[in-house]
Amino acid sequence: MSPDILNTLEVILNGLMAGVMYSLVALGFVLIFKASGIFNYAQGVMALFAALTLVGIQTGQVPFSHLINVMFGTNYHNWSNGINTVAAIILTMCVMVLLAWLVEKIVLRHLVNQEPIILFMATIGLAFFLEGLGDLMWGANIKVLDVGLPSGGSFWLEDVTKEWASEGSEYFGMYIDVLDVWAAGIAIILVVALTIFSQYTKTGRALRAVADDHQAALTVGISLRTIWVVVWSIAGFVALVAGIMWGSKSGIQFSLSLIALKALPVLILGGFTSIPGAIIGGLIIGVGEKLFEFSLGPLIGGATENWFAYVLALMFLMFRPQGLFGDKIIERV
Amino acid sequence: MNITQPPADVLLSLNNISLSFGGVKALTDISFDILKGEIRAIIGPNGAGKSSMLNVINGFYHPQQGEVWFDGSIRGPLKPYQIARQGIARTFQNIALFKGMSTLDNLMTGRITKMHANIFWQAIWKGKAEKEELEHRERVEHIIDFLEIQAIRKTPVGRLPYGMQKRVELGRALAAESKLLLLDEPMAGMNVEEKEDMCRFILDVHDQFGTTIALIEHDMGVVMDIADRVVVLDYGKKIGDGYPDEIRNNQNVIDAYLGVAHE
């Protein structure tokens, strides 16, 4: 095969990987929107907070250490050298469940039956609060996240793909980051697990019921509050996974919360209420972005990756606003 | 105000219930009871407050005055889902089904208060959660056979015709195996044959499961046929309470609602 075809293939594969990373973030939005009709602006910050907490627990940092040191003149930084990664992940998950419970108790409970836009404003407030809390608890310096996932290119892959190039061409093999491959695998497992959970278990059924009709759900005895805590906990878990993936790739910095903005085109394409839609939408955006930059980008001056996703989303809004897999309104009139 | 406990065979007792929305008085000083195992019809012209009455029983509205006694104890301030768990199931006039879910899933949600496996068992699947799911599925299939809706088990409910949706909603209420079943105009919009089918289902449920039923209905033929006792509302007040024959001959009821047959 000619190097051109191989290069295009590499771009597509990298696009798919990038797409999966976007999907991970979009998944959290879909879960909360499906169950409660709230667009959770704080989802990106939740991913950041989860990742910060994980690193903090894993390296044995004292939370609020800077605040305590300033107030009391002490000099605490670490209370241990580090904790086993798996234990740290479980502890972080407990923190996210606690956060879900607090959000329900302090924010959601008082805003039942309000307009969706008011709930959206509440999540914007939550985003600012979580960002500040994360800063206060763990400090704003960039942290390295290492959960033991391999990264970097794969020599094996480079060698294999070098063989495919036609004779005499100067081709050095494909570069695909192994971390991205792991992220893709984990994301697929997560989506399959969530879909099975939603379809076949009692709590999954209750989640779908609450997403469909609140009044009917109350009538059959489903407690809305419990379901909301469950949903936000699962969204917290998804945020944790997204935070781990993105944090492993580029370190944990406060701009991590901006990946939430990249999730918006994914949601518009895939539909706000569809879990598979978040994945497919992410893949389309990822591949489209990279391919467009690779093929037509140089013709229009490059740097198209920044806006391509949004233009695509705009076009979808004009022709198919519910996205590829969003809920069509089934009505018999 | 009546604060003595009602006798043992009374399932639901409403004492001096008054409900208003701002200046609009939906219910004024209404008292009646429903005995265990009876079919009680609530009738009256449109706007009389019948659905509001059911909403009070169900917990969606809280009356400003009056008390509700259910199964021997007075009811405190409870949320609708807590009241549902106490044993009251309901259908709605305008159908409140989960439109995106299949018939089977809708019926299974009716049994959700009876499923107790917590989230960890559900995640593992084998064991407690699976066993429970199979048990409840068996009960639900029994109800599906009873209501003759096998053909539409997997259809998303939003796509079904109106009469079928009403039947599925009845199924979901039956799946809860409640002590009290509230039916809000279960036969609205049906032709004679469909009404006969629904009547047959309601009577079969009553005979087989011994469920107490409170029924809002406009078709007087149906009411006279299947109701044990009838309560009549008009403009939020009670104007009649007794056996169907007494009600048929009650002058107040005739003036307000039934009208007179012209010879």
# chains A, B, ... in the order shown; residues from 1 in each chain; ligands from 1

$ interface_residues --of "chain A" --to "chain B" --cutoff "10 Å" --atoms "only C-alpha atoms" --output "VMD selection string"
chain A and resid 193 196 to 197 199 to 206 208 to 224 230 327 to 333

$ select_by_dssp --residues "stretch 77-254 of chain B" --states "strand (DSSP E or B)" --output "list in words"
Ile88, Ala89, Arg90, Ser102, Pro156, Leu180, Leu181, Leu182, Leu183, Asp184, Thr212, Ile213, Ala214, Leu215, Ile216, Arg229, Val230, Val231, Val232, Leu233, Asp234, Lys237, Lys238, Ile239, Gly240, Asp241 and Gly242 of chain B

$ write_last_selection --atoms "N, CA and C atoms" --output "mmCIF file, in the first residue's frame"
data_model
loop_
_atom_site.group_PDB
_atom_site.id
_atom_site.type_symbol
_atom_site.label_atom_id
_atom_site.label_comp_id
_atom_site.auth_asym_id
_atom_site.auth_seq_id
_atom_site.Cartn_x
_atom_site.Cartn_y
_atom_site.Cartn_z
ATOM 1 N N ILE B 88 -51.397 1.385 47.495
ATOM 2 C CA ILE B 88 -52.442 1.993 46.668
ATOM 3 C C ILE B 88 -51.908 2.104 45.249
ATOM 4 N N ALA B 89 -52.646 1.536 44.291
ATOM 5 C CA ALA B 89 -52.229 1.617 42.891
ATOM 6 C C ALA B 89 -53.277 2.394 42.114
ATOM 7 N N ARG B 90 -52.907 2.966 40.980
ATOM 8 C CA ARG B 90 -53.790 3.930 40.329
ATOM 9 C C ARG B 90 -53.645 3.929 38.816
ATOM 10 N N SER B 102 -41.442 -0.779 26.745
ATOM 11 C CA SER B 102 -42.383 -1.767 26.221
ATOM 12 C C SER B 102 -43.453 -2.087 27.256
ATOM 13 N N PRO B 156 -43.277 -0.734 22.199
ATOM 14 C CA PRO B 156 -43.241 0.496 22.998
ATOM 15 C C PRO B 156 -44.648 1.048 23.140
ATOM 16 N N LEU B 180 -55.586 -1.333 47.561
ATOM 17 C CA LEU B 180 -56.627 -0.482 47.001
ATOM 18 C C LEU B 180 -56.247 -0.112 45.578
ATOM 19 N N LEU B 181 -57.204 -0.258 44.679
ATOM 20 C CA LEU B 181 -56.969 0.055 43.275
ATOM 21 C C LEU B 181 -57.838 1.246 42.903
ATOM 22 N N LEU B 182 -57.206 2.330 42.431
ATOM 23 C CA LEU B 182 -57.971 3.516 42.036
ATOM 24 C C LEU B 182 -58.024 3.573 40.518
ATOM 25 N N LEU B 183 -59.214 3.550 39.947
ATOM 26 C CA LEU B 183 -59.345 3.580 38.490
ATOM 27 C C LEU B 183 -60.040 4.868 38.083
ATOM 28 N N ASP B 184 -59.354 5.699 37.309
ATOM 29 C CA ASP B 184 -59.918 6.978 36.882
ATOM 30 C C ASP B 184 -60.406 6.857 35.447
ATOM 31 N N THR B 212 -59.780 -4.271 46.683
ATOM 32 C CA THR B 212 -60.769 -3.212 46.847
ATOM 33 C C THR B 212 -60.574 -2.223 45.710
ATOM 34 N N ILE B 213 -61.694 -1.802 45.109
ATOM 35 C CA ILE B 213 -61.575 -0.941 43.929
ATOM 36 C C ILE B 213 -62.392 0.325 44.114
ATOM 37 N N ALA B 214 -61.787 1.478 43.822
ATOM 38 C CA ALA B 214 -62.529 2.738 43.749
ATOM 39 C C ALA B 214 -62.507 3.174 42.305
ATOM 40 N N LEU B 215 -63.676 3.484 41.741
ATOM 41 C CA LEU B 215 -63.805 3.616 40.300
ATOM 42 C C LEU B 215 -64.526 4.912 39.951
ATOM 43 N N ILE B 216 -63.898 5.759 39.133
ATOM 44 C CA ILE B 216 -64.603 6.927 38.597
ATOM 45 C C ILE B 216 -65.136 6.532 37.231
ATOM 46 N N ARG B 229 -71.272 0.037 46.051
ATOM 47 C CA ARG B 229 -71.858 1.266 46.568
ATOM 48 C C ARG B 229 -71.369 2.422 45.721
ATOM 49 N N VAL B 230 -72.114 3.530 45.781
ATOM 50 C CA VAL B 230 -71.808 4.672 44.920
ATOM 51 C C VAL B 230 -71.737 5.940 45.766
ATOM 52 N N VAL B 231 -70.787 6.825 45.446
ATOM 53 C CA VAL B 231 -70.790 8.150 46.075
ATOM 54 C C VAL B 231 -70.908 9.171 44.951
ATOM 55 N N VAL B 232 -71.728 10.189 45.127
ATOM 56 C CA VAL B 232 -71.988 11.160 44.066
ATOM 57 C C VAL B 232 -71.443 12.519 44.479
ATOM 58 N N LEU B 233 -70.642 13.141 43.625
ATOM 59 C CA LEU B 233 -70.108 14.466 43.902
ATOM 60 C C LEU B 233 -70.682 15.473 42.912
ATOM 61 N N ASP B 234 -70.835 16.716 43.372
ATOM 62 C CA ASP B 234 -71.280 17.776 42.474
ATOM 63 C C ASP B 234 -70.726 19.089 42.990
ATOM 64 N N LYS B 237 -69.016 18.961 46.364
ATOM 65 C CA LYS B 237 -69.737 18.536 47.564
ATOM 66 C C LYS B 237 -70.328 17.152 47.327
ATOM 67 N N LYS B 238 -70.555 16.439 48.437
ATOM 68 C CA LYS B 238 -71.147 15.104 48.301
ATOM 69 C C LYS B 238 -72.656 15.238 48.303
ATOM 70 N N ILE B 239 -73.315 14.747 47.272
ATOM 71 C CA ILE B 239 -74.772 14.857 47.242
ATOM 72 C C ILE B 239 -75.468 13.504 47.304
ATOM 73 N N GLY B 240 -74.702 12.442 47.395
ATOM 74 C CA GLY B 240 -75.350 11.137 47.500
ATOM 75 C C GLY B 240 -74.348 10.079 47.892
ATOM 76 N N ASP B 241 -74.779 9.116 48.667
ATOM 77 C CA ASP B 241 -73.857 8.065 49.122
ATOM 78 C C ASP B 241 -74.682 6.852 49.505
ATOM 79 N N GLY B 242 -74.541 5.753 48.756
ATOM 80 C CA GLY B 242 -75.331 4.576 49.137
ATOM 81 C C GLY B 242 -75.318 3.535 48.048
#

$ closest_residue --among "A:Leu108, A:Ile117, A:Val20, A:Ala260" --to "A:Ile189" --atoms "only C-alpha atoms"
A:Val20

$ residues_around --residues "A:Gly236" --least-positions-apart "5" --cutoff "9 Å" --atoms "only C-alpha atoms" --output "PyMOL selection string"
chain A and resi 28+43+46-47+50+93+96-97+99-100+231+241

$ residues_around --residues "A:Ser166" --least-positions-apart "3" --cutoff "12 Å" --atoms "only C-alpha atoms" --output "PyMOL selection string"
chain A and resi 1-6+161-163+169-173

$ atom_distance --atom1 "atom CA of A:Pro63" --atom2 "atom CA of A:Met137"
4.8 Å

$ closest_residue --among "B:Ala8, B:Phe146, B:Phe32, B:Ile43" --to "B:Ile247" --atoms "only C-alpha atoms"
B:Ile43

$ select_by_dssp --residues "stretch 84-212 of chain B" --states "alpha helix (DSSP H)" --output "VMD selection string"
chain B and resid 84 to 87 103 to 110 119 to 124 128 to 147 162 to 175 192 to 209

$ closest_residue --among "B:Ile144, B:Met187, B:Leu12, B:Ile17" --to "B:Met220" --atoms "only C-alpha atoms"
B:Met187

$ residues_around --residues "A:Val147" --least-positions-apart "2" --cutoff "12 Å" --atoms "only C-alpha atoms" --output "ChimeraX atom specification"
/A:51,54-55,58-59,83-89,144-145,149-151,179,241,243-249,251
